[in-house]
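Report on one structure; see the data block that follows.
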Amino acid sequence: MAAQSTLRNMVLCLTCVCLVCSAILGVVYAVTLDPIAEASAKALKESIGQVLPEGGEISDAMQAEGFDYYVSTKEGETVAYAVKSTSVGFGGPLTLMVGVLADGTVFNTSVLSHSETPGLGAKCTSDEAFMSQWRGFRGQLKVKKDGGDVDAITASTITSRAYTLAVSNAVEFVKNMEGAKNE
Amino acid sequence: MSKLGLITKGFIKDNPTFALVLGMCPTLATTTSAMNGMEMGLATLFVLVLSNMAISALAPIVPDKVHIPVYIVVIATFVTVLQLLMQAFVPAVYSTLGLFIPLIVVNCIVLGRAEAYANKNTVFDSALDGLGIGIGFTLSLTVIGIIREILGSGSVFGCKFIPGDGILAFVMAPGAFMVLGYLMVLFNKYLKK
């Protein structure tokens, strides 16, 4: 049965247990550090590849006006931007990777992270009709309920609005970048 | 009790969800689909087996007055190890379960088994007990997940067989309570002796 509790053996016991535990954690952390970094880099690269036209040369991460973005160039010409854009959804931040062509049209979008309701807003990562409308989207960047051209997900207007806002922010940002270049 | 009995008692007699009614938070929150429920069950199983073994080995040398802090540190260590491993090797699963992995630390099942079983029994028996309870938990969560997925999304393990949207309430919190409640009724009537 359990040992007698004296100050000395309580301190000793807790110290030893904590030491061993932190040693184990240290080892596991060191071992998993690279795979974790690789996994998140791979996820990011995949999402960038998804939202940009094929064949372009993709730059390293850049930052401007609070956006992280990547530029795709072909023969020195800027073809498209992949912009990381965040807005507030129903359950928390909704972060997208938005591919925008240099002329300001949306090429494609992909969700990086979200905390939307499973079965409702979370459909923004699985609903075929909602996702495919972003490919080459033309029209007004607002959900139909607000007088725009975006088909919202059934029963998830707030998520759809947040998604649309994130896309429209990314498009604005690219237009500004391109505009600044031409001046 | 036979070694096999140690494992199988976790399925029905000591089933953590329906008989002991422990660990309700992950049970209700993560069973939106069969797959999510099963993954959560397996994650808990992993922690339960390791923490039961470590605690039964430590129990004789831990002074009584600090046994709870020691158990919590041990459990938290295994949960963090699991979290890092999942993040590294199954990032997709990690992103769906996310918040509920660290919450295994305060899951009553894990600390409950440490207190009720592991600190009085041998390392091997405690491992079997953890395995049994863990499998029982996984089965319960999977069953709840299957029912909620069929009613809520018309699919099982992601394979859709009923077209259309399903009954939304079952994907959300009210459905979790209803399914759990009715299953508990059936469990107590037909399986528990």
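Numbering starts fresh at 1 for the residues of each chain in the structure tokens, the chains themselves are lettered A, B, ... in the order given, and ligands are numbered from 1 as they appear.
Any residue of chain A with an atom no more than 8 Å from chain B counts as a contact; using only C-alpha atoms, that gives Met1, Ala2, Ala3, Gln4, Ser5, Thr6, Asn9, Met10, Cys13, Leu14, Val17, Cys18, Cys21, Ser22, Ile24, Leu25, Val28, Tyr29, Thr32, Leu33, Pro35, Ile36, Ala37, Ala39, Thr117, Pro118, Gly119 and Leu120 of chain A.
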So that I have them on file, write out the residues from the current selection with C-alpha atoms, as a PDB file, in the first residue's frame.
```pdb
ATOM      1  CA  MET A   1       0.000   0.000   0.000  1.00  0.00           C
ATOM      2  CA  ALA A   2       0.952   3.655  -0.338  1.00  0.00           C
ATOM      3  CA  ALA A   3       3.963   4.892   1.579  1.00  0.00           C
ATOM      4  CA  GLN A   4       3.756   7.158   4.644  1.00  0.00           C
ATOM      5  CA  SER A   5       3.423  10.854   3.738  1.00  0.00           C
ATOM      6  CA  THR A   6       6.287  12.875   5.133  1.00  0.00           C
ATOM      7  CA  ASN A   9       9.228  11.785   0.603  1.00  0.00           C
ATOM      8  CA  MET A  10       6.371  13.869  -0.836  1.00  0.00           C
ATOM      9  CA  CYS A  13       8.408  11.735  -5.105  1.00  0.00           C
ATOM     10  CA  LEU A  14       6.802  14.670  -6.925  1.00  0.00           C
ATOM     11  CA  VAL A  17       7.938  11.998 -11.214  1.00  0.00           C
ATOM     12  CA  CYS A  18       8.006  15.461 -12.776  1.00  0.00           C
ATOM     13  CA  CYS A  21       7.815  13.042 -17.192  1.00  0.00           C
ATOM     14  CA  SER A  22       9.491  16.173 -18.526  1.00  0.00           C
ATOM     15  CA  ILE A  24       9.907  11.838 -21.721  1.00  0.00           C
ATOM     16  CA  LEU A  25       8.122  14.886 -23.102  1.00  0.00           C
ATOM     17  CA  VAL A  28       9.005  13.025 -27.811  1.00  0.00           C
ATOM     18  CA  TYR A  29       8.981  16.733 -28.645  1.00  0.00           C
ATOM     19  CA  THR A  32       8.203  14.862 -33.525  1.00  0.00           C
ATOM     20  CA  LEU A  33       9.438  18.404 -34.190  1.00  0.00           C
ATOM     21  CA  PRO A  35       7.508  15.575 -38.808  1.00  0.00           C
ATOM     22  CA  ILE A  36       5.092  18.208 -37.419  1.00  0.00           C
ATOM     23  CA  ALA A  37       6.817  21.023 -39.301  1.00  0.00           C
ATOM     24  CA  ALA A  39       3.177  17.978 -42.129  1.00  0.00           C
ATOM     25  CA  THR A 117     -20.512  23.518 -36.763  1.00  0.00           C
ATOM     26  CA  PRO A 118     -20.166  19.900 -37.950  1.00  0.00           C
ATOM     27  CA  GLY A 119     -22.927  19.080 -40.434  1.00  0.00           C
ATOM     28  CA  LEU A 120     -23.719  22.739 -41.083  1.00  0.00           C
TER      29      LEU A 120
END
```
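Neighbours of A:Ser115 closer than or equal to 8 Å, with only C-alpha atoms counted and sequence neighbours fewer than 2 positions away skipped, come out as Gly89, Phe90, Gly91, Gly92, Pro93, Leu94, Ser113, Thr117 and Ala122 of chain A.
Residue nearest A:Gln63 within the list A:Leu7, A:Leu44, A:Leu19, A:Val83: A:Val83 [criterion: smallest interatomic distance, only C-alpha atoms].
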> What's the 7 Å shell around A:Arg135, counting only C-alpha atoms, without same-chain residues fewer than 6 positions away, as a count of residues only?
Replying inline: 3
> Looking only at the backbone, which of the residues in stretch 19-189 of chain B does DSSP tag as strand (DSSP E), as JSON, numbers by chain?
Replying inline: {"B": [155, 156, 159, 160]}
>> According to DSSP computed on the backbone, where in stretch 45-169 of chain B is there helix (DSSP H, G or I)? Give the residues as a VMD selection string.
In response: chain B and resid 45 to 61 64 to 89 91 to 100 102 to 106 108 to 116 118 to 120 123 to 153 168 to 169
>> Which residues are near stretch 156-171 of chain A? Cut-off 7 Å, only C-alpha atoms, ignore same chain within fewer than 6 positions. Put them as a ChimeraX atom specification.
In response: /A:83,85-90,98,100,104,120-121,141-143
>> Just to confirm, what's the straight-line distance from atom CA of B:Gly132 to atom CA of B:Lys9 in Å (one decimal)?
In response: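 Separation of atom CA of B:Gly132 and atom CA of B:Lys9: 6.8 Å.
Take atom CA of A:Asp151 and atom CA of B:Pro163: the distance between them is 20.2 Å.
With distances restricted to only C-alpha atoms, B:Ala57 is the closest residue to B:Ala118 from B:Leu139, B:Leu183, B:Ala57, B:Val21.
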> Closest to A:Gln50 among A:Ala23, A:Ala80, A:Met97, A:Ser72, using only C-alpha atoms?
Replying inline: A:Met97
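Here atom CA of B:Thr17 is placed at a distance of 29.2 Å from atom CA of A:Lys123.
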>> Measuring between only C-alpha atoms, which one of A:Leu12, A:Ala155, A:Val150, A:Val174 shows the shortest distance to A:Phe137?
In response: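 For A:Phe137, the nearest of the given residues is A:Val150.
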>> Applying 10 Å and only C-alpha atoms, which residues near B:Ser56 remain after dropping the ones on its own chain fewer than 3 positions away? List them as a ChimeraX atom specification.
In response: /B:51-53,59-60,114-115,117-127
>> Which residue is closest to A:Lys84? Choose from A:Ile48, A:Ala43, A:Leu101, A:Ile58 and count only C-alpha atoms.
In response: A:Ile48
